[in-house]
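Notes for the one structure printed next.
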Amino acid sequence: MHDPKYLRDNLDFIRTSLGRRGQDVAWDAVQKLSDERRTLTTQVEQLRSELKKGSDEVARLRRAKEPAEAAMAAMKGLGDRIKEVEDNLRGVEEALSDLALRIPNLPHQTVPLGSDASDNVEVRRWGTIPSFTAPAKPHWEIGEALGILDFDRAAKIAGARFAVLSGAGARMERALINYMLDLHTGSHGYREVLPPLLVNRRTMTGTGQLPKFEDDLFRLRDEDYFLIPTAEVPVTNLHREEILSEDRLPIRYTAYTPCFRREAGSYGKDTRGLIRLHQFNKVELVAFSTPDRSYEELERLTGHAEFILQSLNLPYRVVTLCTGDMGFSATKTYDIEVWLPSQGQYREISSCSNFESFQARRANIKYRPAGGKKDAKAEFVHTLNGSGLAVGRTLVAILENFQQPDGSVLIPEALHPYMGGIKKIQPWPDGS
């Protein structure tokens, strides 16, 4: 959410800076409401000034023991008029706030201009792309042949865009979760949290999912609760309505959660396999920083996500998202894309973003500068988050990059202790 005063004074600049990213914003309505708010605010101030003068006049008349009935009647009229204008102002401000919540964050000056993913800029690559003597098989064929992925039974149980993992597949999913959490807590300095999977509307609004993306969320029928699309939502809101001391910053959290997304805008995309499911597992990284250190923190967080892929020996690249491809709340985003041999391309496995104060304003998360007085003005923190990593997509990358000619799949060495010493996934004997 933008600073209301900055939004009011720089509306044309914000609109121009957002370009296509703000194409769904009702800019004319925002301008109209902003003008109405300014007019009504001025009216309220003028009426209150008149009311004060009238109060002084009534007091003078009473001290002079002169008739004050007419002045008091005028005062009552002014009071009624002030209430009427204030009610109108409140309605305008509520309508303007609702529209303001739908305005995306401004891109950082280092973000490349562009309209879609084709304009993203590659930053670096890591690892060696594997070569195969035969065409690489997609992960769903590999997993079904090994008896560790079952999409037909998942469809029977739930429907499309669900999966059942079993045997070594289920164990590897669990192994990846534990491995990621152990690295982030033991080596990278994050504190693990296990948050609720259901959150309220205010929490979803705090991180920017509402009101704009309600169609992408799963909501309970009888209660105003939502299933989380990512652990970013509850973890960022841990400090909602709080003022943190600067010496606590940066605060770094990691969380494993199942995530739930309707994928309302992805009809026809990745309909097979594990890439785009309604339910999936993810390990998330969330950080709270002072404004002057937040871009340093972004590089740090991104590096921690990259380290997981490096330790698993999975080739990947990092790209900076252009202005037209960034998420709603982000001011700068790095996408980490892992190599998928069956597709012959890199696919996103993590997005690492700095939101600056955008989410903090919505959730009212502030910090008080160190060394200042107790009543020193609190400032908004900067929030950051990134996947560290999307677990299902990591499993996909392992199946495809480490597939063997005999149909087996090698397990990365870093996971051996988490797999009970199993080093290779072989077909399940009865194929069931």
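All residue names refer to the structure tokens as shown: chains lettered A, B, ... in order, residues numbered from 1 in each chain, ligands numbered from 1 in order.
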
- DSSP says strand (DSSP E or B) for which residues of stretch 132-266 of chain A? Put them as a list of chain:residue names? A:Leu149, A:Asp150, A:Val164, A:Leu165, A:Arg191, A:Glu192, A:Leu198, A:Val199, A:Asn200, A:Arg219, A:Tyr225, A:Phe226, A:Leu227, A:Glu242, A:Ile243, A:Leu244, A:Ser245, A:Ile251, A:Arg252, A:Tyr253, A:Thr254, A:Ala255, A:Tyr256, A:Thr257, A:Pro258, A:Cys259, A:Phe260

Print the selection's residues with C-alpha atoms to a file, as a PDB file, in the first residue's frame.
```pdb
ATOM      1  CA  LEU A 149       3.465 -40.681  -8.366  1.00  0.00           C
ATOM      2  CA  ASP A 150      -0.234 -41.375  -8.872  1.00  0.00           C
ATOM      3  CA  VAL A 164      -0.562 -38.722  -4.551  1.00  0.00           C
ATOM      4  CA  LEU A 165       3.072 -39.434  -3.660  1.00  0.00           C
ATOM      5  CA  ARG A 191      14.086 -19.151  13.082  1.00  0.00           C
ATOM      6  CA  GLU A 192      11.617 -21.895  12.241  1.00  0.00           C
ATOM      7  CA  LEU A 198      -6.122 -20.845   7.749  1.00  0.00           C
ATOM      8  CA  VAL A 199      -5.978 -17.060   8.074  1.00  0.00           C
ATOM      9  CA  ASN A 200      -8.483 -14.232   8.259  1.00  0.00           C
ATOM     10  CA  ARG A 219     -12.137 -19.731   1.104  1.00  0.00           C
ATOM     11  CA  TYR A 225     -11.155 -17.815   6.570  1.00  0.00           C
ATOM     12  CA  PHE A 226      -8.805 -18.522   3.682  1.00  0.00           C
ATOM     13  CA  LEU A 227      -6.377 -21.381   3.054  1.00  0.00           C
ATOM     14  CA  GLU A 242       3.700  -4.124  16.153  1.00  0.00           C
ATOM     15  CA  ILE A 243       6.560  -1.688  16.651  1.00  0.00           C
ATOM     16  CA  LEU A 244       9.874  -3.545  16.671  1.00  0.00           C
ATOM     17  CA  SER A 245      13.104  -2.220  18.130  1.00  0.00           C
ATOM     18  CA  ILE A 251      14.399 -10.781  11.776  1.00  0.00           C
ATOM     19  CA  ARG A 252      14.517 -13.939   9.658  1.00  0.00           C
ATOM     20  CA  TYR A 253      11.956 -16.747   9.673  1.00  0.00           C
ATOM     21  CA  THR A 254      11.597 -19.988   7.757  1.00  0.00           C
ATOM     22  CA  ALA A 255       8.451 -22.101   7.609  1.00  0.00           C
ATOM     23  CA  TYR A 256       7.292 -25.279   5.948  1.00  0.00           C
ATOM     24  CA  THR A 257       3.602 -25.345   5.033  1.00  0.00           C
ATOM     25  CA  PRO A 258       1.262 -26.918   2.543  1.00  0.00           C
ATOM     26  CA  CYS A 259       0.026 -24.180   0.192  1.00  0.00           C
ATOM     27  CA  PHE A 260      -3.297 -23.911  -1.611  1.00  0.00           C
TER      28      PHE A 260
END
```

Note to self: Residues near stretch 308-313 of chain A, anyone? I mean within 9 Å using only C-alpha atoms, not counting same-chain ones fewer than 2 positions away, as a ChimeraX atom specification.
What the structure shows: /A:126-128,179-180,183,303-306,315-316,338,388-389,394,398,411-415

Item to complete: Find the distance between atom CA of A:Glu57 and atom CA of A:Met75 and write it in Å to one decimal.
Response: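 Going from atom CA of A:Glu57 over to atom CA of A:Met75 covers 9.9 Å.
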
In terms of only C-alpha atoms, the residue from A:Ala170, A:Ala378, A:Leu285, A:Leu113 at minimal distance from A:Ile365 is A:Ala378

Using backbone DSSP assignments, extract all helix (DSSP H, G or I) residues from stretch 26-161 of chain A; output them as JSON, numbers by chain.
{"A": [27, 28, 29, 30, 31, 32, 33, 34, 35, 36, 37, 38, 39, 40, 41, 42, 43, 44, 45, 46, 47, 48, 49, 50, 51, 52, 53, 54, 55, 56, 57, 58, 59, 60, 61, 62, 63, 69, 70, 71, 72, 73, 74, 75, 76, 77, 78, 79, 80, 81, 82, 83, 84, 85, 86, 87, 88, 89, 90, 91, 92, 93, 94, 95, 96, 97, 98, 99, 100, 117, 118, 119, 139, 140, 141, 142, 143, 144, 145, 146, 151, 152, 153, 154, 155, 156, 157]}
